[in-house]
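What follows is start-v6.cif (mmCIF, C-alpha atoms and all ligand atoms).
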data_upload
#
loop_
_atom_site.group_PDB
_atom_site.id
_atom_site.type_symbol
_atom_site.label_atom_id
_atom_site.label_comp_id
_atom_site.auth_asym_id
_atom_site.auth_seq_id
_atom_site.Cartn_x
_atom_site.Cartn_y
_atom_site.Cartn_z
ATOM 1 C CA MET A 784 10.156 -17.148 34.659
ATOM 2 C CA GLU A 785 6.812 -17.129 32.776
ATOM 3 C CA GLU A 786 6.589 -19.354 29.711
ATOM 4 C CA ALA A 787 6.910 -17.285 26.522
ATOM 5 C CA ILE A 788 4.234 -19.424 24.886
ATOM 6 C CA LEU A 789 1.167 -20.995 26.466
ATOM 7 C CA PHE A 790 -0.244 -24.115 24.845
ATOM 8 C CA GLN A 791 -3.661 -25.488 25.684
ATOM 9 C CA VAL A 792 -5.642 -28.206 23.948
ATOM 10 C CA GLU A 793 -9.357 -28.713 24.321
ATOM 11 C CA GLY A 794 -11.784 -30.632 22.116
ATOM 12 C CA GLY A 795 -9.443 -30.905 19.128
ATOM 13 C CA VAL A 796 -8.427 -27.218 19.259
ATOM 14 C CA ALA A 797 -4.956 -26.031 20.272
ATOM 15 C CA VAL A 798 -4.803 -22.480 21.593
ATOM 16 C CA ILE A 799 -1.310 -21.010 21.358
ATOM 17 C CA THR A 800 -0.820 -17.774 23.302
ATOM 18 C CA LEU A 801 2.109 -15.413 22.843
ATOM 19 C CA ASN A 802 2.954 -14.637 26.437
ATOM 20 C CA ARG A 803 5.320 -11.702 26.935
ATOM 21 C CA PRO A 804 2.641 -9.125 27.777
ATOM 22 C CA ASN A 805 5.032 -6.566 29.278
ATOM 23 C CA GLN A 806 6.750 -6.300 25.900
ATOM 24 C CA LEU A 807 3.450 -6.503 24.011
ATOM 25 C CA ASN A 808 4.344 -10.108 23.134
ATOM 26 C CA SER A 809 7.248 -9.010 20.946
ATOM 27 C CA PHE A 810 9.571 -11.743 19.730
ATOM 28 C CA ASN A 811 12.858 -12.775 21.279
ATOM 29 C CA PRO A 812 14.660 -16.018 20.402
ATOM 30 C CA PRO A 813 13.084 -18.112 23.220
ATOM 31 C CA MET A 814 9.584 -17.065 22.118
ATOM 32 C CA HIS A 815 10.406 -17.898 18.482
ATOM 33 C CA LYS A 816 11.687 -21.295 19.537
ATOM 34 C CA ALA A 817 8.703 -22.045 21.756
ATOM 35 C CA LEU A 818 6.190 -20.940 19.097
ATOM 36 C CA ARG A 819 7.808 -23.115 16.422
ATOM 37 C CA ALA A 820 7.744 -26.078 18.834
ATOM 38 C CA ALA A 821 4.082 -25.464 19.734
ATOM 39 C CA LEU A 822 3.116 -25.321 16.054
ATOM 40 C CA GLN A 823 5.063 -28.516 15.416
ATOM 41 C CA GLN A 824 3.246 -30.226 18.269
ATOM 42 C CA ALA A 825 -0.107 -29.051 16.889
ATOM 43 C CA GLU A 826 0.866 -30.365 13.458
ATOM 44 C CA SER A 827 1.951 -33.804 14.637
ATOM 45 C CA ASP A 828 -0.819 -34.500 17.183
ATOM 46 C CA GLU A 829 -3.637 -36.124 15.209
ATOM 47 C CA ALA A 830 -6.162 -35.232 17.897
ATOM 48 C CA ILE A 831 -5.583 -31.519 17.154
ATOM 49 C CA ARG A 832 -7.614 -30.431 14.142
ATOM 50 C CA ALA A 833 -7.621 -26.618 14.456
ATOM 51 C CA ILE A 834 -5.225 -24.062 15.918
ATOM 52 C CA VAL A 835 -5.798 -20.610 17.423
ATOM 53 C CA LEU A 836 -2.992 -18.067 17.781
ATOM 54 C CA THR A 837 -3.551 -15.170 20.185
ATOM 55 C CA GLY A 838 -1.708 -12.856 22.581
ATOM 56 C CA SER A 839 -1.862 -12.351 26.327
ATOM 57 C CA GLY A 840 -2.534 -8.979 27.903
ATOM 58 C CA ARG A 841 -3.548 -5.934 25.883
ATOM 59 C CA GLY A 842 -1.578 -6.647 22.709
ATOM 60 C CA PHE A 843 -1.416 -9.381 20.087
ATOM 61 C CA CYS A 844 2.250 -8.937 19.118
ATOM 62 C CA ALA A 845 4.558 -5.930 18.550
ATOM 63 C CA GLY A 846 6.956 -7.783 16.225
ATOM 64 C CA GLN A 847 10.639 -7.997 17.031
ATOM 65 C CA ASP A 848 11.674 -7.202 20.621
ATOM 66 C CA LEU A 849 13.635 -4.020 20.033
ATOM 67 C CA ASN A 850 15.450 -4.439 23.375
ATOM 68 C CA ASP A 851 17.498 -7.108 21.600
ATOM 69 C CA ARG A 852 18.773 -4.654 18.990
ATOM 70 C CA ASN A 853 21.706 -2.703 20.336
ATOM 71 C CA VAL A 854 22.463 -0.202 17.595
ATOM 72 C CA ASN A 855 24.500 2.295 19.606
ATOM 73 C CA SER A 856 27.391 3.712 17.640
ATOM 74 C CA GLY A 857 30.517 1.712 18.217
ATOM 75 C CA ASN A 858 28.552 -1.551 18.233
ATOM 76 C CA THR A 859 28.536 -3.855 15.241
ATOM 77 C CA MET A 860 25.121 -3.530 13.615
ATOM 78 C CA PRO A 861 22.986 -6.681 13.921
ATOM 79 C CA ASP A 862 22.583 -8.818 10.804
ATOM 80 C CA LEU A 863 18.835 -8.562 10.334
ATOM 81 C CA GLY A 864 18.976 -10.786 7.245
ATOM 82 C CA GLU A 865 20.247 -13.545 9.481
ATOM 83 C CA SER A 866 17.428 -12.937 11.960
ATOM 84 C CA ILE A 867 14.829 -13.106 9.174
ATOM 85 C CA GLU A 868 16.379 -16.254 7.725
ATOM 86 C CA LYS A 869 16.692 -17.984 11.077
ATOM 87 C CA TYR A 870 13.451 -16.953 12.763
ATOM 88 C CA TYR A 871 10.788 -15.088 10.781
ATOM 89 C CA ASN A 872 10.897 -16.829 7.404
ATOM 90 C CA PRO A 873 10.713 -20.366 8.839
ATOM 91 C CA LEU A 874 7.840 -19.262 11.087
ATOM 92 C CA ILE A 875 5.812 -17.849 8.191
ATOM 93 C CA LYS A 876 6.493 -20.960 6.106
ATOM 94 C CA GLN A 877 5.401 -23.127 9.013
ATOM 95 C CA ILE A 878 2.150 -21.198 9.524
ATOM 96 C CA SER A 879 1.255 -21.102 5.865
ATOM 97 C CA THR A 880 2.005 -24.766 5.196
ATOM 98 C CA ILE A 881 0.780 -26.326 8.432
ATOM 99 C CA SER A 882 -1.819 -28.865 7.325
ATOM 100 C CA LYS A 883 -4.487 -27.731 9.801
ATOM 101 C CA PRO A 884 -6.546 -24.527 9.836
ATOM 102 C CA ILE A 885 -5.008 -21.783 11.945
ATOM 103 C CA ILE A 886 -7.025 -18.818 13.190
ATOM 104 C CA ALA A 887 -5.466 -15.589 14.435
ATOM 105 C CA ALA A 888 -7.407 -14.084 17.344
ATOM 106 C CA VAL A 889 -5.981 -10.560 17.308
ATOM 107 C CA ASN A 890 -6.807 -9.325 20.784
ATOM 108 C CA GLY A 891 -4.988 -5.971 20.595
ATOM 109 C CA VAL A 892 -2.346 -4.121 18.654
ATOM 110 C CA ALA A 893 -0.505 -6.170 16.000
ATOM 111 C CA ALA A 894 2.571 -4.284 14.833
ATOM 112 C CA GLY A 895 5.532 -5.038 12.568
ATOM 113 C CA ALA A 896 6.084 -8.759 12.196
ATOM 114 C CA GLY A 897 3.182 -9.210 14.635
ATOM 115 C CA ALA A 898 0.760 -7.818 12.040
ATOM 116 C CA ASN A 899 2.149 -9.972 9.260
ATOM 117 C CA ILE A 900 2.189 -13.149 11.332
ATOM 118 C CA ALA A 901 -1.542 -12.607 11.875
ATOM 119 C CA LEU A 902 -2.053 -12.118 8.126
ATOM 120 C CA ALA A 903 -0.227 -15.385 7.422
ATOM 121 C CA CYS A 904 -2.909 -17.261 9.381
ATOM 122 C CA ASP A 905 -5.847 -18.749 7.482
ATOM 123 C CA ILE A 906 -8.666 -16.828 9.139
ATOM 124 C CA VAL A 907 -8.135 -13.595 11.060
ATOM 125 C CA PHE A 908 -10.540 -12.397 13.728
ATOM 126 C CA ALA A 909 -9.776 -9.140 15.530
ATOM 127 C CA ALA A 910 -11.259 -7.462 18.569
ATOM 128 C CA GLN A 911 -12.941 -4.111 17.895
ATOM 129 C CA SER A 912 -10.177 -2.335 19.849
ATOM 130 C CA ALA A 913 -7.357 -4.122 18.015
ATOM 131 C CA SER A 914 -5.288 -2.487 15.308
ATOM 132 C CA PHE A 915 -2.711 -3.341 12.667
ATOM 133 C CA ILE A 916 0.448 -1.306 12.104
ATOM 134 C CA GLN A 917 3.073 -1.881 9.425
ATOM 135 C CA ALA A 918 5.505 -0.267 11.857
ATOM 136 C CA PHE A 919 8.686 -1.128 9.953
ATOM 137 C CA CYS A 920 8.998 2.175 8.061
ATOM 138 C CA LYS A 921 9.022 4.050 11.368
ATOM 139 C CA ILE A 922 12.359 2.478 12.268
ATOM 140 C CA GLY A 923 13.824 2.447 8.769
ATOM 141 C CA LEU A 924 13.021 -1.194 8.003
ATOM 142 C CA VAL A 925 11.260 -3.118 5.268
ATOM 143 C CA PRO A 926 8.055 -5.066 6.020
ATOM 144 C CA ASP A 927 8.938 -8.715 6.527
ATOM 145 C CA SER A 928 7.264 -11.934 7.635
ATOM 146 C CA GLY A 929 5.544 -12.196 4.269
ATOM 147 C CA GLY A 930 3.822 -8.811 4.593
ATOM 148 C CA THR A 931 4.848 -7.651 1.130
ATOM 149 C CA TRP A 932 3.335 -10.882 -0.250
ATOM 150 C CA PHE A 933 0.134 -11.156 1.811
ATOM 151 C CA LEU A 934 -0.932 -7.535 2.214
ATOM 152 C CA PRO A 935 -1.175 -6.432 -1.467
ATOM 153 C CA ARG A 936 -3.028 -9.646 -2.241
ATOM 154 C CA LEU A 937 -5.505 -8.924 0.536
ATOM 155 C CA VAL A 938 -6.101 -5.185 0.134
ATOM 156 C CA GLY A 939 -4.553 -4.270 -3.229
ATOM 157 C CA SER A 940 -1.348 -2.468 -4.048
ATOM 158 C CA ALA A 941 -2.481 1.108 -3.320
ATOM 159 C CA ARG A 942 -3.609 0.333 0.228
ATOM 160 C CA ALA A 943 -0.645 -1.940 0.926
ATOM 161 C CA LYS A 944 1.767 0.776 -0.176
ATOM 162 C CA GLY A 945 0.018 3.425 1.905
ATOM 163 C CA LEU A 946 0.005 1.237 5.013
ATOM 164 C CA MET A 947 3.631 0.238 4.558
ATOM 165 C CA MET A 948 5.053 3.650 3.656
ATOM 166 C CA LEU A 949 3.044 5.677 6.166
ATOM 167 C CA GLY A 950 2.964 3.169 9.021
ATOM 168 C CA ASP A 951 -0.499 4.366 10.041
ATOM 169 C CA LYS A 952 -2.581 2.431 12.512
ATOM 170 C CA LEU A 953 -5.428 0.558 10.794
ATOM 171 C CA SER A 954 -8.410 -0.177 13.018
ATOM 172 C CA ALA A 955 -9.872 -3.676 13.115
ATOM 173 C CA SER A 956 -13.163 -2.448 11.646
ATOM 174 C CA GLN A 957 -11.372 -0.729 8.729
ATOM 175 C CA ALA A 958 -9.304 -3.904 8.238
ATOM 176 C CA GLN A 959 -12.532 -5.868 7.924
ATOM 177 C CA GLU A 960 -14.023 -3.290 5.554
ATOM 178 C CA TRP A 961 -10.932 -3.540 3.349
ATOM 179 C CA GLY A 962 -11.079 -7.333 3.271
ATOM 180 C CA MET A 963 -7.780 -7.637 5.134
ATOM 181 C CA ILE A 964 -9.275 -9.808 7.871
ATOM 182 C CA TRP A 965 -12.253 -12.130 8.137
ATOM 183 C CA GLN A 966 -14.128 -10.469 10.988
ATOM 184 C CA CYS A 967 -13.962 -7.754 13.609
ATOM 185 C CA VAL A 968 -15.909 -8.629 16.776
ATOM 186 C CA ASP A 969 -16.683 -7.007 20.124
ATOM 187 C CA ASP A 970 -13.722 -7.261 22.495
ATOM 188 C CA ASP A 971 -15.532 -9.326 25.098
ATOM 189 C CA ARG A 972 -16.768 -11.797 22.471
ATOM 190 C CA LEU A 973 -13.489 -12.352 20.617
ATOM 191 C CA MET A 974 -12.395 -15.650 22.165
ATOM 192 C CA GLU A 975 -15.931 -17.019 22.301
ATOM 193 C CA GLU A 976 -16.447 -16.351 18.568
ATOM 194 C CA VAL A 977 -13.003 -17.651 17.644
ATOM 195 C CA LEU A 978 -13.398 -20.826 19.688
ATOM 196 C CA THR A 979 -16.825 -21.503 18.176
ATOM 197 C CA VAL A 980 -15.313 -21.349 14.694
ATOM 198 C CA ALA A 981 -12.224 -23.319 15.757
ATOM 199 C CA HIS A 982 -14.343 -26.089 17.314
ATOM 200 C CA HIS A 983 -16.451 -26.193 14.156
ATOM 201 C CA LEU A 984 -13.303 -26.498 12.010
ATOM 202 C CA ALA A 985 -12.057 -29.274 14.304
ATOM 203 C CA THR A 986 -15.074 -31.374 13.252
ATOM 204 C CA GLN A 987 -14.551 -30.803 9.536
ATOM 205 C CA PRO A 988 -12.553 -32.804 6.933
ATOM 206 C CA THR A 989 -9.100 -31.813 8.193
ATOM 207 C CA LYS A 990 -7.162 -33.185 5.256
ATOM 208 C CA GLY A 991 -9.478 -31.459 2.787
ATOM 209 C CA LEU A 992 -9.047 -28.145 4.617
ATOM 210 C CA GLY A 993 -5.275 -28.609 4.435
ATOM 211 C CA TYR A 994 -5.535 -29.140 0.663
ATOM 212 C CA ILE A 995 -7.627 -25.949 0.328
ATOM 213 C CA LYS A 996 -4.799 -24.103 2.124
ATOM 214 C CA GLN A 997 -2.263 -25.511 -0.295
ATOM 215 C CA ALA A 998 -4.343 -24.595 -3.347
ATOM 216 C CA LEU A 999 -4.803 -21.010 -2.175
ATOM 217 C CA LEU A 1000 -1.177 -20.577 -1.151
ATOM 218 C CA TYR A 1001 -0.027 -21.199 -4.693
ATOM 219 C CA SER A 1002 -2.962 -19.665 -6.577
ATOM 220 C CA SER A 1003 -1.691 -16.119 -6.841
ATOM 221 C CA ALA A 1004 1.716 -17.132 -8.149
ATOM 222 C CA ASN A 1005 0.601 -19.947 -10.472
ATOM 223 C CA ARG A 1006 -0.527 -19.605 -14.068
ATOM 224 C CA LEU A 1007 -4.067 -20.905 -14.675
ATOM 225 C CA ASP A 1008 -2.808 -24.166 -16.215
ATOM 226 C CA GLU A 1009 -0.477 -24.730 -13.267
ATOM 227 C CA GLN A 1010 -3.281 -24.055 -10.824
ATOM 228 C CA LEU A 1011 -5.635 -26.415 -12.684
ATOM 229 C CA ASN A 1012 -2.967 -29.099 -12.385
ATOM 230 C CA LEU A 1013 -2.576 -28.440 -8.680
ATOM 231 C CA GLU A 1014 -6.352 -28.620 -8.176
ATOM 232 C CA LYS A 1015 -6.379 -31.968 -9.977
ATOM 233 C CA ASP A 1016 -3.596 -33.347 -7.766
ATOM 234 C CA LEU A 1017 -5.180 -32.108 -4.555
ATOM 235 C CA GLN A 1018 -8.626 -33.339 -5.577
ATOM 236 C CA ARG A 1019 -7.130 -36.765 -6.219
ATOM 237 C CA LEU A 1020 -5.762 -36.791 -2.661
ATOM 238 C CA ALA A 1021 -9.009 -35.443 -1.170
ATOM 239 C CA GLY A 1022 -10.977 -38.078 -3.077
ATOM 240 C CA ARG A 1023 -9.003 -40.797 -1.301
ATOM 241 C CA THR A 1024 -9.808 -39.652 2.228
ATOM 242 C CA ASN A 1025 -12.243 -41.382 4.564
ATOM 243 C CA ASP A 1026 -13.867 -38.006 5.137
ATOM 244 C CA TYR A 1027 -14.822 -37.782 1.460
ATOM 245 C CA ARG A 1028 -16.436 -41.237 1.718
ATOM 246 C CA GLU A 1029 -18.247 -40.112 4.882
ATOM 247 C CA GLY A 1030 -19.407 -36.887 3.201
ATOM 248 C CA ILE A 1031 -20.968 -38.768 0.290
ATOM 249 C CA ASN A 1032 -22.532 -41.428 2.518
ATOM 250 C CA ALA A 1033 -23.962 -38.816 4.882
ATOM 251 C CA PHE A 1034 -25.407 -36.890 1.942
ATOM 252 C CA PHE A 1035 -27.350 -39.908 0.684
ATOM 253 C CA ASP A 1036 -28.301 -41.021 4.198
ATOM 254 C CA LYS A 1037 -29.656 -37.483 4.761
ATOM 255 C CA ARG A 1038 -27.718 -37.135 8.038
ATOM 256 C CA ALA A 1039 -24.970 -34.871 9.326
ATOM 257 C CA PRO A 1040 -21.505 -36.201 8.402
ATOM 258 C CA GLU A 1041 -19.118 -37.339 11.120
ATOM 259 C CA PHE A 1042 -15.720 -36.397 9.819
ATOM 260 C CA LYS A 1043 -12.729 -37.977 11.546
ATOM 261 C CA GLY A 1044 -10.040 -35.851 9.915
ATOM 262 C CA ASN A 1045 -8.521 -38.665 7.883
HETATM 263 O O1 LIG B 1 15.210 -7.195 14.081
HETATM 264 C C1 LIG B 1 14.945 -8.127 13.332
HETATM 265 O O2 LIG B 1 15.135 -9.315 13.651
HETATM 266 C C2 LIG B 1 14.304 -7.842 12.003
HETATM 267 C C3 LIG B 1 12.855 -8.167 12.054
HETATM 268 C C4 LIG B 1 11.978 -7.245 12.388
HETATM 269 C C5 LIG B 1 10.550 -7.537 12.555
HETATM 270 C C6 LIG B 1 9.806 -6.407 13.196
HETATM 271 O O3 LIG B 1 8.777 -6.678 13.742
HETATM 272 S S1 LIG B 1 10.425 -4.825 13.115
HETATM 273 C C7 LIG B 1 9.168 -3.879 13.917
HETATM 274 C C8 LIG B 1 9.318 -3.931 15.422
HETATM 275 N N1 LIG B 1 8.160 -3.390 16.101
HETATM 276 C C9 LIG B 1 7.939 -2.090 16.200
HETATM 277 O O4 LIG B 1 8.625 -1.254 15.676
HETATM 278 C C10 LIG B 1 6.736 -1.707 17.061
HETATM 279 C C11 LIG B 1 7.231 -1.001 18.319
HETATM 280 N N2 LIG B 1 6.125 -0.700 19.205
HETATM 281 C C12 LIG B 1 5.299 0.332 18.989
HETATM 282 O O5 LIG B 1 5.386 1.055 18.032
HETATM 283 C C13 LIG B 1 4.237 0.547 20.023
HETATM 284 O O6 LIG B 1 4.617 -0.101 21.216
HETATM 285 C C14 LIG B 1 2.861 0.007 19.594
HETATM 286 C C15 LIG B 1 2.293 0.899 18.480
HETATM 287 C C16 LIG B 1 2.918 -1.444 19.126
HETATM 288 C C17 LIG B 1 1.891 0.073 20.806
HETATM 289 O O7 LIG B 1 1.919 1.370 21.339
HETATM 290 P P1 LIG B 1 1.282 1.629 22.768
HETATM 291 O O8 LIG B 1 1.357 3.100 23.006
HETATM 292 O O9 LIG B 1 -0.045 0.966 22.849
HETATM 293 O O10 LIG B 1 2.223 0.844 23.809
HETATM 294 P P2 LIG B 1 3.692 1.247 24.283
HETATM 295 O O11 LIG B 1 3.601 2.057 25.522
HETATM 296 O O12 LIG B 1 4.488 1.764 23.163
HETATM 297 O O13 LIG B 1 4.290 -0.225 24.642
HETATM 298 C C18 LIG B 1 3.956 -0.876 25.844
HETATM 299 C C19 LIG B 1 5.212 -1.524 26.383
HETATM 300 O O14 LIG B 1 5.618 -2.513 25.433
HETATM 301 C C20 LIG B 1 6.357 -0.534 26.488
HETATM 302 O O15 LIG B 1 7.155 -0.940 27.574
HETATM 303 P P3 LIG B 1 7.158 -0.090 28.948
HETATM 304 O O16 LIG B 1 7.519 1.321 28.599
HETATM 305 O O17 LIG B 1 5.755 -0.226 29.463
HETATM 306 O O18 LIG B 1 8.168 -0.797 29.796
HETATM 307 C C21 LIG B 1 7.101 -0.746 25.210
HETATM 308 O O19 LIG B 1 8.471 -0.395 25.299
HETATM 309 C C22 LIG B 1 6.953 -2.238 25.027
HETATM 310 N N3 LIG B 1 7.088 -2.600 23.608
HETATM 311 C C23 LIG B 1 6.233 -2.356 22.625
HETATM 312 N N4 LIG B 1 6.712 -2.805 21.480
HETATM 313 C C24 LIG B 1 7.903 -3.365 21.753
HETATM 314 C C25 LIG B 1 8.148 -3.232 23.121
HETATM 315 N N5 LIG B 1 9.254 -3.680 23.703
HETATM 316 C C26 LIG B 1 10.168 -4.250 22.890
HETATM 317 N N6 LIG B 1 9.985 -4.421 21.566
HETATM 318 C C27 LIG B 1 8.882 -3.995 20.970
HETATM 319 N N7 LIG B 1 8.688 -4.206 19.649
#

Could you show the structure in this file as structure tokens?
Amino acid sequence: MEEAILFQVEGGVAVITLNRPNQLNSFNPPMHKALRAALQQAESDEAIRAIVLTGSGRGFCAGQDLNDRNVNSGNTMPDLGESIEKYYNPLIKQISTISKPIIAAVNGVAAGAGANIALACDIVFAAQSASFIQAFCKIGLVPDSGGTWFLPRLVGSARAKGLMMLGDKLSASQAQEWGMIWQCVDDDRLMEEVLTVAHHLATQPTKGLGYIKQALLYSSANRLDEQLNLEKDLQRLAGRTNDYREGINAFFDKRAPEFKGN
């Protein structure tokens, strides 16, 4: 049987590929488990300093594998709250708190939880032919995987509501225009562009980038005084890293810094 997740490391970058192309990389429990383990490995391996999440085949991810939901009358209905609690919520927390930058390379359609998992990543690139669908309303469900938190913050309430209540397909170029993603690129250049950025990030002050993630994660929920406090705490930590010392030394030596990620 094919592995549900492919994991490759090269030059400080881990590329994690969702690998159930015949089901548009939709999630079943083994894929959830393998993705969580791959992210954990990327987190704990100090040589890995940037992560890329992408999909194999023509799709990025179509959310939950609907083959696993037997809702025929006579059957007990599945407890979706349990599924969210056990699988999707821990995954989104892991992505948004992992201490290394994570880039989504959206190679094709991203639907349901697949769309929101992409939005939970730090930087989202999408191929020109890719699209984003808040497909939940089409099957009577509520957007999950942090979508109701990330999407209005990215595109505003009016657009988030429209996307979530209509379930329309949003093209990658429109997503870029709306500020929902970082960049839409030609299909045949997607991985090249993403890997260039990932390899750049892998040479940057990894701890500092992790602190930026933390600051931004809390910024929209914090009051200004709380956020100022958080910035102070994170700056204290950043100011104790070797990379900060290297940054200052390189500045005065008028040379490019050599950050080691510590
Ligand atoms: O249940 C819980 O645990 C709660 C949590 C829920 C999280 C969620 O993500 S709920 C939302 C689930 N996802 C969807 O509702 C999306 C379903 N898929 C689609 O609407 C369409 O497939 C797409 C718009 C994504 C793509 O359309 P298209 O025309 O490009 O492809 P297609 O022909 O529909 O799909 C290609 C194949 O992938 C097809 O299989 P086949 O006929 O070739 O054997 C299709 O059945 C399969 N596929 C696509 N999405 C899923 C899937 N198989 C299982 N689960 C899927 N989600």

Would you give me, as a tab-separated table, each residue of chain A having an atom within 6 Å of an atom of ligand LIG 1 (chain B), along with its shortest atom pair and that distance in Å to one decimal, using only C-alpha atoms and all ligand atoms and sorting by chain and residue number?
residue	atom	partner	partner_atom	distance
A:Asn805	CA	B:LIG1	O14	5.6
A:Gln806	CA	B:LIG1	O14	4.0
A:Leu807	CA	B:LIG1	O14	4.8
A:Ser809	CA	B:LIG1	N7	5.2
A:Ala845	CA	B:LIG1	N7	4.6
A:Gly846	CA	B:LIG1	O3	3.3
A:Gln847	CA	B:LIG1	O3	4.0
A:Asp848	CA	B:LIG1	N6	3.4
A:Leu849	CA	B:LIG1	N6	4.0
A:Asn850	CA	B:LIG1	C26	5.3
A:Leu863	CA	B:LIG1	C2	4.9
A:Ser866	CA	B:LIG1	O2	4.6
A:Ile867	CA	B:LIG1	O2	5.9
A:Val892	CA	B:LIG1	C16	5.9
A:Ala894	CA	B:LIG1	C16	5.2
A:Gly895	CA	B:LIG1	O3	3.8
A:Ala896	CA	B:LIG1	O3	3.7
A:Ala918	CA	B:LIG1	O4	5.0
A:Phe919	CA	B:LIG1	C7	4.8

Would you kindly translate the PyMOL selection byres (((chain A and resi 984) around 12) and not hetatm) into the concrete residues it picks from this file, as number ranges by chain?
A: 794-797, 831-835, 883-886, 905-906, 977-983, 985-993, 1042-1044

Quick one: everything within 12 Å of Leu953 of chain A, counting only C-alpha atoms, minus sequence neighbours fewer than 5 positions away in the same chain. Send it as a PyMOL selection string.
chain A and resi 891-894+898+909+911-918+942-943+945-947+958-961+963-964

Closest to Gln997 of chain A among A:Ile878, A:Ala1039, A:Val854, A:Ala1033, using only C-alpha atoms?
A:Ile878

Between atom CA of Asp828 of chain A and atom CA of Gly897 of chain A, what is the spacing in Å?
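Here the two named atoms are 25.7 Å from each other.
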
Looking at only C-alpha atoms, which of A:Leu801, A:Pro812, A:Glu1014, A:Glu976 is the one that sits closest to Ser1002 of chain A?
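Of the candidates, the smallest distance to Ser1002 of chain A is held by A:Glu1014.
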
Length of the atom CA of Asp951 of chain A to atom CA of Thr880 of chain A vector [Å]:
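Computed distance, atom CA of Asp951 of chain A to atom CA of Thr880 of chain A, equals 29.6 Å.
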
Which residues would end up in the selection if the PyMOL selection byres (((chain A and resi 967) around 6) and not hetatm) were applied here, given that I need the answer as a list in words?
Phe908, Ala909, Ala910, Gln911, Ala955, Ser956, Gln966 and Val968 of chain A

For the atom pair atom CA of Gln823 of chain A and atom CA of Arg841 of chain A, what is the interatomic distance in Å to one decimal place?
26.3 Å

Pick from A:Ala941, A:Glu1029, A:Leu902, A:Gly950: nearest to Lys921 of chain A, with only C-alpha atoms counted?
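Looking at the shortest contact to Lys921 of chain A, the residue is A:Gly950.
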
From the list A:Phe1034, A:Tyr994, A:Tyr1027, A:Trp932, which residue is nearest Ser882 of chain A when using all atoms listed in the file?
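Ranking A:Phe1034, A:Tyr994, A:Tyr1027, A:Trp932 by distance to Ser882 of chain A, first place goes to A:Tyr994.
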
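Checking A:Ala903, A:Ala1021, A:Met948, A:Ala1004 one by one against Leu836 of chain A, counting only C-alpha atoms, you find the shortest gap at A:Ala903.
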
Looking at A:Leu999, A:Ala901, A:Leu949, A:Val792, which one is nearest to Val889 of chain A, with distances taken over all atoms listed in the file?
A:Ala901

Which centre and edge lengths in Å to one decimal define the box along x, y and z that fits every listed atom of segment 791-800 of chain A plus 5 Å per side, as lines of an AutoDock Vina configuration file?
center_x = -6.3
center_y = -24.3
center_z = 22.4
size_x = 21.0
size_y = 23.1
size_z = 16.6
